[in-house]
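Peer 1: Contents of data-v2.cif (mmCIF, C-alpha atoms) are below:
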data_input
#
loop_
_atom_site.label_atom_id
_atom_site.label_comp_id
_atom_site.auth_asym_id
_atom_site.auth_seq_id
_atom_site.Cartn_x
_atom_site.Cartn_y
_atom_site.Cartn_z
CA MET O 1 170.52 -152.75 -86.59
CA PHE O 2 167.53 -152.12 -88.87
CA GLU O 3 165.83 -154.43 -91.37
CA THR O 4 163.50 -152.11 -93.32
CA ILE O 5 165.67 -148.98 -93.41
CA ARG O 6 169.35 -148.07 -93.55
CA LEU O 7 171.17 -145.39 -91.58
CA GLU O 8 174.47 -144.29 -93.07
CA LYS O 9 176.81 -141.53 -91.93
CA GLN O 10 179.27 -139.76 -94.21
CA GLY O 11 181.10 -136.90 -92.56
CA ARG O 12 178.51 -134.36 -91.45
CA VAL O 13 175.74 -135.88 -93.59
CA GLY O 14 173.42 -138.68 -92.52
CA HIS O 15 171.39 -140.83 -94.92
CA VAL O 16 168.11 -142.44 -93.86
CA VAL O 17 167.10 -144.83 -96.63
CA LEU O 18 163.69 -146.52 -96.80
CA ASN O 19 164.58 -150.04 -97.86
CA ARG O 20 161.56 -152.10 -98.87
CA PRO O 21 161.98 -151.59 -102.63
CA ASN O 22 159.86 -154.60 -103.62
CA SER O 23 156.91 -152.94 -101.86
CA MET O 24 157.66 -149.41 -103.14
CA ASN O 25 158.80 -148.71 -99.57
CA ALA O 26 155.28 -149.08 -98.23
CA MET O 27 155.43 -148.64 -94.48
CA ASN O 28 154.56 -151.71 -92.46
CA GLY O 29 154.54 -151.71 -88.67
CA GLN O 30 158.20 -152.65 -88.49
CA MET O 31 159.32 -149.81 -90.76
CA MET O 32 157.31 -147.26 -88.78
CA LYS O 33 158.93 -148.45 -85.54
CA GLU O 34 162.41 -148.50 -87.07
CA LEU O 35 162.00 -144.98 -88.48
CA ALA O 36 160.85 -143.72 -85.09
CA ASP O 37 163.80 -145.43 -83.37
CA CYS O 38 166.20 -144.08 -86.00
CA PHE O 39 165.04 -140.47 -85.75
CA GLU O 40 165.09 -140.62 -81.96
CA SER O 41 168.68 -141.94 -82.08
CA LEU O 42 169.69 -138.95 -84.23
CA GLN O 43 168.50 -136.49 -81.57
CA ASN O 44 171.89 -136.81 -79.87
CA GLU O 45 174.00 -137.19 -83.03
CA HIS O 46 175.67 -133.78 -83.03
CA THR O 47 178.42 -134.71 -85.50
CA LEU O 48 175.73 -134.75 -88.22
CA GLN O 49 174.38 -131.43 -89.44
CA VAL O 50 172.37 -132.57 -92.49
CA VAL O 51 170.14 -135.64 -92.88
CA LYS O 52 168.88 -136.78 -96.28
CA ILE O 53 165.83 -139.06 -96.40
CA TYR O 54 165.04 -141.07 -99.52
CA GLY O 55 163.75 -144.38 -100.81
CA GLU O 56 165.51 -147.35 -102.39
CA GLY O 57 164.16 -148.55 -105.75
CA ARG O 58 161.29 -146.99 -107.69
CA ALA O 59 159.70 -144.78 -105.03
CA PHE O 60 160.15 -142.61 -101.96
CA SER O 61 157.25 -144.37 -100.22
CA ALA O 62 153.84 -145.56 -101.35
CA GLY O 63 152.47 -144.89 -97.84
CA GLY O 64 151.03 -147.36 -95.37
CA ASP O 65 151.22 -151.05 -96.25
CA ILE O 66 147.68 -151.96 -97.37
CA LYS O 67 148.52 -155.69 -97.45
CA GLU O 68 149.44 -155.61 -93.77
CA MET O 69 146.25 -153.68 -92.98
CA MET O 70 144.24 -156.43 -94.71
CA ASP O 71 146.08 -159.45 -93.23
CA PRO O 72 143.43 -161.48 -91.32
CA ASP O 73 146.03 -163.77 -89.74
CA ASN O 74 148.10 -160.96 -88.24
CA PRO O 75 145.86 -157.89 -87.90
CA MET O 76 147.60 -154.55 -87.49
CA ASP O 77 147.55 -153.23 -83.91
CA ILE O 78 146.40 -149.73 -84.81
CA GLU O 79 147.03 -148.26 -81.34
CA LEU O 80 150.63 -149.52 -81.27
CA VAL O 81 151.19 -148.39 -84.85
CA MET O 82 149.86 -144.89 -84.12
CA LYS O 83 152.25 -144.58 -81.15
CA ASP O 84 155.18 -145.35 -83.46
CA VAL O 85 153.85 -142.99 -86.14
CA SER O 86 153.58 -140.21 -83.55
CA ARG O 87 157.11 -140.92 -82.27
CA LEU O 88 158.36 -140.83 -85.86
CA ALA O 89 156.77 -137.45 -86.63
CA LYS O 90 157.82 -135.76 -83.41
CA ALA O 91 161.40 -137.02 -83.61
CA LEU O 92 161.74 -136.01 -87.27
CA TYR O 93 160.33 -132.52 -86.63
CA THR O 94 162.74 -131.90 -83.75
CA LEU O 95 165.91 -133.30 -85.33
CA PRO O 96 168.95 -131.06 -84.65
CA GLN O 97 169.95 -131.34 -88.30
CA VAL O 98 168.75 -129.76 -91.53
CA THR O 99 166.54 -132.44 -93.09
CA ILE O 100 166.15 -132.97 -96.84
CA ALA O 101 163.47 -135.18 -98.38
CA VAL O 102 164.66 -136.49 -101.75
CA VAL O 103 161.55 -137.68 -103.60
CA HIS O 104 161.24 -139.81 -106.71
CA GLY O 105 158.31 -141.96 -107.77
CA ALA O 106 155.47 -142.08 -105.26
CA SER O 107 155.32 -140.14 -102.01
CA ALA O 108 151.88 -140.95 -100.68
CA GLY O 109 149.98 -141.02 -97.40
CA LEU O 110 152.36 -141.34 -94.45
CA GLY O 111 155.24 -141.13 -96.93
CA PHE O 112 154.02 -137.68 -97.95
CA SER O 113 153.48 -136.59 -94.33
CA MET O 114 157.08 -137.55 -93.62
CA ALA O 115 158.39 -135.63 -96.63
CA LEU O 116 156.42 -132.53 -95.62
CA ALA O 117 157.97 -132.74 -92.13
CA CYS O 118 161.42 -132.14 -93.61
CA ASP O 119 163.05 -128.72 -93.84
CA HIS O 120 163.61 -128.93 -97.60
CA VAL O 121 161.70 -131.12 -100.06
CA ILE O 122 163.12 -131.87 -103.51
CA ALA O 123 161.00 -133.89 -105.95
CA GLU O 124 161.65 -135.16 -109.47
CA GLU O 125 159.18 -133.74 -112.01
CA ASN O 126 157.26 -136.99 -112.56
CA SER O 127 156.93 -137.76 -108.87
CA LYS O 128 153.43 -138.49 -107.61
CA LEU O 129 152.69 -136.78 -104.31
CA ALA O 130 149.42 -137.55 -102.55
CA MET O 131 147.78 -136.92 -99.19
CA ASN O 132 145.35 -139.67 -100.18
CA PHE O 133 144.11 -141.07 -96.85
CA ILE O 134 140.54 -140.02 -97.65
CA GLY O 135 140.46 -142.51 -100.54
CA ILE O 136 140.31 -145.34 -97.99
CA GLY O 137 138.21 -143.50 -95.44
CA LEU O 138 141.04 -142.44 -93.16
CA VAL O 139 142.56 -139.15 -92.01
CA PRO O 140 146.17 -138.01 -92.50
CA ASP O 141 148.53 -139.18 -89.77
CA GLY O 142 152.19 -138.72 -88.98
CA GLY O 143 151.40 -135.05 -88.34
CA GLY O 144 150.00 -134.68 -91.87
CA HIS O 145 147.42 -132.10 -90.75
CA PHE O 146 150.08 -130.08 -88.93
CA PHE O 147 152.72 -130.15 -91.67
CA MET O 148 150.18 -129.41 -94.40
CA LYS O 149 148.77 -126.47 -92.43
CA GLU O 150 152.25 -125.13 -91.71
CA ARG O 151 153.06 -125.09 -95.41
CA VAL O 152 149.83 -123.83 -97.00
CA GLY O 153 147.46 -122.65 -94.23
CA VAL O 154 144.17 -124.13 -93.01
CA PRO O 155 141.86 -123.46 -96.03
CA LYS O 156 144.31 -124.93 -98.54
CA ALA O 157 145.18 -127.80 -96.21
CA LYS O 158 141.52 -128.79 -96.01
CA GLU O 159 141.15 -128.52 -99.78
CA ILE O 160 144.15 -130.77 -100.44
CA ILE O 161 143.29 -133.31 -97.70
CA TRP O 162 139.64 -133.56 -98.75
CA ALA O 163 140.47 -133.87 -102.46
CA GLY O 164 143.00 -136.66 -101.89
CA GLN O 165 144.43 -135.91 -105.31
CA THR O 166 147.72 -137.17 -106.69
CA LEU O 167 149.88 -134.16 -107.53
CA LYS O 168 152.78 -133.95 -109.92
CA ALA O 169 155.84 -132.18 -108.53
CA HIS O 170 155.21 -128.87 -110.35
CA ASP O 171 151.65 -128.78 -108.96
CA ALA O 172 152.97 -129.40 -105.45
CA LEU O 173 155.55 -126.63 -105.94
CA ALA O 174 152.89 -124.19 -107.13
CA LYS O 175 150.79 -124.93 -104.03
CA GLY O 176 153.76 -124.28 -101.74
CA LEU O 177 154.09 -127.88 -100.56
CA ILE O 178 157.69 -128.44 -101.68
CA GLU O 179 160.80 -126.35 -102.32
CA GLU O 180 162.36 -127.75 -105.51
CA VAL O 181 161.51 -129.68 -108.68
CA THR O 182 164.20 -131.40 -110.72
CA ALA O 183 164.39 -133.41 -113.93
CA GLU O 184 164.04 -137.16 -113.61
CA GLY O 185 167.10 -138.76 -112.04
CA ARG O 186 168.48 -135.44 -110.77
CA ALA O 187 166.94 -135.14 -107.30
CA MET O 188 169.92 -136.64 -105.48
CA GLU O 189 172.32 -134.33 -107.30
CA HIS O 190 170.25 -131.33 -106.21
CA ALA O 191 170.07 -132.71 -102.67
CA ASP O 192 173.86 -133.00 -102.58
CA ASN O 193 174.18 -129.41 -103.83
CA TYR O 194 171.76 -128.16 -101.18
CA ALA O 195 173.56 -130.14 -98.47
CA ASN O 196 176.87 -128.60 -99.54
CA GLU O 197 175.29 -125.14 -99.49
CA VAL O 198 174.05 -125.75 -95.94
CA LEU O 199 177.39 -127.11 -94.75
CA SER O 200 179.32 -124.18 -96.23
CA SER O 201 177.03 -121.68 -94.47
CA PRO O 202 176.95 -120.75 -90.76
CA VAL O 203 175.01 -123.97 -90.19
CA LEU O 204 174.85 -123.56 -86.41
CA SER O 205 172.86 -120.36 -86.98
CA ARG O 206 170.46 -122.22 -89.25
CA LEU O 207 169.99 -124.95 -86.67
CA ALA O 208 169.45 -122.44 -83.86
CA SER O 209 166.70 -120.75 -85.90
CA LYS O 210 165.12 -124.12 -86.67
CA ASN O 211 165.15 -125.01 -82.98
CA ILE O 212 163.47 -121.72 -82.01
CA LEU O 213 160.75 -121.94 -84.67
CA HIS O 214 160.01 -125.63 -84.14
CA THR O 215 160.06 -125.47 -80.34
CA LEU O 216 157.35 -122.80 -80.51
CA LYS O 217 155.13 -125.22 -82.45
CA LEU O 218 155.97 -128.47 -80.66
CA LYS O 219 153.00 -128.52 -78.28
CA GLU O 220 150.65 -127.97 -81.22
CA LEU O 221 152.24 -130.86 -83.12
CA GLU O 222 151.90 -133.11 -80.06
CA GLN O 223 148.21 -132.19 -79.79
CA VAL O 224 147.66 -132.87 -83.50
CA LEU O 225 149.35 -136.28 -83.19
CA GLU O 226 147.07 -137.24 -80.29
CA MET O 227 143.99 -136.14 -82.24
CA GLU O 228 145.13 -137.96 -85.38
CA ALA O 229 145.70 -141.18 -83.44
CA SER O 230 142.22 -140.97 -81.91
CA ALA O 231 140.57 -140.13 -85.23
CA GLN O 232 142.46 -142.84 -87.10
CA SER O 233 141.37 -145.49 -84.61
CA ALA O 234 137.76 -144.34 -85.03
CA MET O 235 137.97 -144.22 -88.84
CA ARG O 236 139.41 -147.76 -88.95
CA LYS O 237 136.12 -149.00 -87.49
CA THR O 238 133.90 -147.35 -90.13
CA LYS O 239 132.14 -149.10 -93.00
CA ASP O 240 133.54 -146.46 -95.35
CA HIS O 241 137.10 -147.49 -94.45
CA MET O 242 136.40 -151.15 -95.17
CA GLU O 243 134.74 -150.21 -98.46
CA GLY O 244 137.72 -148.01 -99.38
CA ILE O 245 140.19 -150.80 -98.65
CA GLN O 246 138.17 -153.42 -100.55
CA ALA O 247 137.72 -151.09 -103.53
CA PHE O 248 141.46 -150.39 -103.57
CA VAL O 249 142.32 -154.09 -103.57
CA GLN O 250 139.64 -154.85 -106.19
CA LYS O 251 140.72 -151.83 -108.30
CA ARG O 252 137.25 -150.33 -108.50
CA LYS O 253 135.62 -147.05 -107.51
CA PRO O 254 134.48 -147.10 -103.86
CA GLU O 255 130.87 -146.50 -102.88
CA PHE O 256 130.96 -144.54 -99.63
CA LYS O 257 127.84 -144.26 -97.45
CA GLY O 258 128.99 -141.89 -94.73
CA LYS O 259 128.92 -144.66 -92.11
#
Now that the file is in, can you turn its structure into structure tokens?
Peer 2:
Amino acid sequence: MFETIRLEKQGRVGHVVLNRPNSMNAMNGQMMKELADCFESLQNEHTLQVVKIYGEGRAFSAGGDIKEMMDPDNPMDIELVMKDVSRLAKALYTLPQVTIAVVHGASAGLGFSMALACDHVIAEENSKLAMNFIGIGLVPDGGGHFFMKERVGVPKAKEIIWAGQTLKAHDALAKGLIEEVTAEGRAMEHADNYANEVLSSPVLSRLASKNILHTLKLKELEQVLEMEASAQSAMRKTKDHMEGIQAFVQKRKPEFKGK
């Protein structure tokens, strides 16, 4: 059914696996669409009560696929992509399951926005977590502004977004961005333990509380997604964005001009 991800169901637990390991699960247009389709399909999957999200290979997700952004022969349709990104974020936020992000390696850009959208984030201690859109002259998308603000508040959200720093897991934990840090190679074990804890609790009560709290915020998320899509389209046309992309590819420090 999907080419860039896998959806597996085991009892009451679903597994959404990002499956572009040779690209560190960088999200191309196809993966963004498939994730959106997958999360929307899970809206009516009431036999599942927990969904774990993780990456195949060396990383959770390195973020948006820079190579696809730079492809002159098949340029990325940013408006179509942003529609899929918005579908992805809204569907993930409103899933009627407890969601667990299981992070190892890189979780950057849209990959980090997606992790922050989950109910419980577990990261291995050497993970690299980054809301690093600013490094290529873009703004967070996938609800990144919303999920960051929900977790740390507006002042801290601005600080983290503007800095674009790569955080180790313990730094992210200290800032309130994630819930758990584990030793290397132990994140999945901890995710399984948390899933079992959820499933042995009055899970319907948990899900009812999630629904109440998230429904209250849904209109705000929808507004943020619209604003992000508009801002991202505008930023893609700036000279700073092109300089950021070229500097990234050429592995040099960018020279931004504010244009």
Peer 1: Give me the residues within 7 Å of range 119-121 of chain O as a PyMOL selection string, counting only C-alpha atoms and dropping any in the same chain fewer than 2 places off.
Peer 2: chain O and resi 98-102+115+117+123+178-180
Peer 1: Would you mind exporting the chosen residues as an mmCIF file, in the frame of the given file, restricted to C-alpha atoms?
Peer 2:
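Final output, part-v7.cif:
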data_model
loop_
_atom_site.group_PDB
_atom_site.id
_atom_site.type_symbol
_atom_site.label_atom_id
_atom_site.label_comp_id
_atom_site.auth_asym_id
_atom_site.auth_seq_id
_atom_site.Cartn_x
_atom_site.Cartn_y
_atom_site.Cartn_z
ATOM 1 C CA VAL O 98 168.750 -129.760 -91.530
ATOM 2 C CA THR O 99 166.540 -132.440 -93.090
ATOM 3 C CA ILE O 100 166.150 -132.970 -96.840
ATOM 4 C CA ALA O 101 163.470 -135.180 -98.380
ATOM 5 C CA VAL O 102 164.660 -136.490 -101.750
ATOM 6 C CA ALA O 115 158.390 -135.630 -96.630
ATOM 7 C CA ALA O 117 157.970 -132.740 -92.130
ATOM 8 C CA ALA O 123 161.000 -133.890 -105.950
ATOM 9 C CA ILE O 178 157.690 -128.440 -101.680
ATOM 10 C CA GLU O 179 160.800 -126.350 -102.320
ATOM 11 C CA GLU O 180 162.360 -127.750 -105.510
#
Peer 1: Evaluating the PyMOL selection byres ((chain O and resi 183-196) around 8) on the displayed file yields which residues, as a count of residues only?
Peer 2: 18
Peer 1: Report as a list in words all protein, DNA and RNA residues lying within 7 Å of range 223-225 of chain O, evaluated on all atoms listed in the file, omitting residues in the same chain fewer than 3 positions from it.
Peer 2: Ser86, Gly142, Gly143, Phe146, Lys219, Glu220, Glu228 and Ala229 of chain O
Peer 1: Run through the PyMOL selection byres ((chain O and resi 16) around 12) on the given coordinates and return the selected residues as a PyMOL selection string.
Peer 2: chain O and resi 2+4-10+13-15+17-19+31+34-39+41-42+50-56+60+92+99-102
Peer 1: Next, write the just-selected residues to a file, as a compact mmCIF listing (two decimals), in the coordinates of the input, keeping C-alpha atoms as the atom set.
Peer 2:
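Wrote out.txt, looks like this:
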# COMPACT_ATOMS: atom_id res chain seq x y z
CA PHE O 2 167.53 -152.12 -88.87
CA THR O 4 163.50 -152.11 -93.32
CA ILE O 5 165.67 -148.98 -93.41
CA ARG O 6 169.35 -148.07 -93.55
CA LEU O 7 171.17 -145.39 -91.58
CA GLU O 8 174.47 -144.29 -93.07
CA LYS O 9 176.81 -141.53 -91.93
CA GLN O 10 179.27 -139.76 -94.21
CA VAL O 13 175.74 -135.88 -93.59
CA GLY O 14 173.42 -138.68 -92.52
CA HIS O 15 171.39 -140.83 -94.92
CA VAL O 17 167.10 -144.83 -96.63
CA LEU O 18 163.69 -146.52 -96.80
CA ASN O 19 164.58 -150.04 -97.86
CA MET O 31 159.32 -149.81 -90.76
CA GLU O 34 162.41 -148.50 -87.07
CA LEU O 35 162.00 -144.98 -88.48
CA ALA O 36 160.85 -143.72 -85.09
CA ASP O 37 163.80 -145.43 -83.37
CA CYS O 38 166.20 -144.08 -86.00
CA PHE O 39 165.04 -140.47 -85.75
CA SER O 41 168.68 -141.94 -82.08
CA LEU O 42 169.69 -138.95 -84.23
CA VAL O 50 172.37 -132.57 -92.49
CA VAL O 51 170.14 -135.64 -92.88
CA LYS O 52 168.88 -136.78 -96.28
CA ILE O 53 165.83 -139.06 -96.40
CA TYR O 54 165.04 -141.07 -99.52
CA GLY O 55 163.75 -144.38 -100.81
CA GLU O 56 165.51 -147.35 -102.39
CA PHE O 60 160.15 -142.61 -101.96
CA LEU O 92 161.74 -136.01 -87.27
CA THR O 99 166.54 -132.44 -93.09
CA ILE O 100 166.15 -132.97 -96.84
CA ALA O 101 163.47 -135.18 -98.38
CA VAL O 102 164.66 -136.49 -101.75
Peer 1: Would you mind reading off the distance between CA of Asp141 in chain O and CA of Trp162 in chain O, one decimal, in Å?
Peer 2: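 Computing it gives 13.8 Å between the two atoms.
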Peer 1: Using only C-alpha atoms for the distances, tell me which of O:Ser127, O:Gln246, O:Gln43, O:Asn74 is nearest to Leu88 in chain O.
Peer 2: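 Closest residue, counting only C-alpha atoms: O:Gln43.
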Peer 1: If you measure from CA of Gln165 in chain O to CA of Ala130 in chain O, what distance in Å do you get, rounded to one decimal?
Peer 2: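 It comes out at 5.9 Å.
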Peer 1: Each side padded by 5 Å, which centre and which edge lengths in Å (one decimal) define the axis-aligned box around the listed atoms of range 187-197 of chain O? Give them as AutoDock Vina command-line options.
Peer 2:
--center_x 171.9 --center_y -130.9 --center_z -102.9 --size_x 19.9 --size_y 21.5 --size_z 18.8
Peer 1: Run the PyMOL selection byres ((chain O and resi 256) around 7) against the file shown and list the residues it catches, as a ChimeraX atom specification.
Peer 2: /O:240,243,254-255,257-258
Peer 1: Can you write just those residues out, C-alpha atoms, as a PDB file, keeping the file's coordinate frame?
Peer 2:
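Writing done, so here's again.pdb:
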ATOM      1  CA  ASP O 240     133.540-146.460 -95.350  1.00  0.00           C
ATOM      2  CA  GLU O 243     134.740-150.210 -98.460  1.00  0.00           C
ATOM      3  CA  PRO O 254     134.480-147.100-103.860  1.00  0.00           C
ATOM      4  CA  GLU O 255     130.870-146.500-102.880  1.00  0.00           C
ATOM      5  CA  LYS O 257     127.840-144.260 -97.450  1.00  0.00           C
ATOM      6  CA  GLY O 258     128.990-141.890 -94.730  1.00  0.00           C
TER       7      GLY O 258
END
Peer 1: Which distance in Å separates CA of Asp65 in chain O and CA of Val249 in chain O, to one decimal?
Peer 2: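 So the answer is 11.9 Å.
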Peer 1: For Thr47 in chain O, which residue out of O:Ser107, O:Thr166, O:Ser113, O:Gln97 is the nearest one, using all atoms listed in the file?
Peer 2: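 For Thr47 in chain O, the nearest of the candidates is O:Gln97.
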Peer 1: When you count all atoms listed in the file, which of these residues is closest to Leu173 in chain O: O:Lys259, O:Lys158, O:Arg58, O:Arg151?
Peer 2: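 Nearest candidate to Leu173 in chain O out of O:Lys259, O:Lys158, O:Arg58, O:Arg151: O:Arg151.
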Peer 1: Of the candidates O:Ser209, O:Gln49, O:Asn44, O:Ser61, which one gets nearest to Asn22 in chain O if we count all atoms listed in the file?
Peer 2: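 Once distances to Asn22 in chain O are computed over all atoms listed in the file, the minimum belongs to O:Ser61.
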Peer 1: Would you list the residues near (154.5, -147.1, -89.8) (no more than 8 Å away, in the coordinates of the file, using all atoms listed in the file) as a list in words?
Peer 2: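 Neighbouring residues, ordered by chain and number, come to Met27, Asn28, Gly29, Gln30, Met31, Met32, Lys33, Leu35, Gly64, Val81, Met82, Asp84, Val85 and Leu110 of chain O.
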Peer 1: Skip His241 in chain O itself and residues of its chain fewer than 2 positions away, then list as a ChimeraX atom specification all residues within 9 Å of it, counting all atoms listed in the file.
Peer 2: /O:134-138,235-239,243-246,256,259
Peer 1: So, counting only C-alpha atoms, which residue among O:Ala234, O:Met76, O:Met114, O:Val139 is closest to Ala62 in chain O?
Peer 2: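 Among the listed residues, O:Met114 lies closest to Ala62 in chain O.
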Peer 1: Nearest to Leu204 in chain O among O:Lys156, O:Arg20, O:His46, O:Arg87, with distances taken over only C-alpha atoms: which residue is it?
Peer 2: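 Residue with the minimum atom-to-atom distance to Leu204 in chain O: O:His46.
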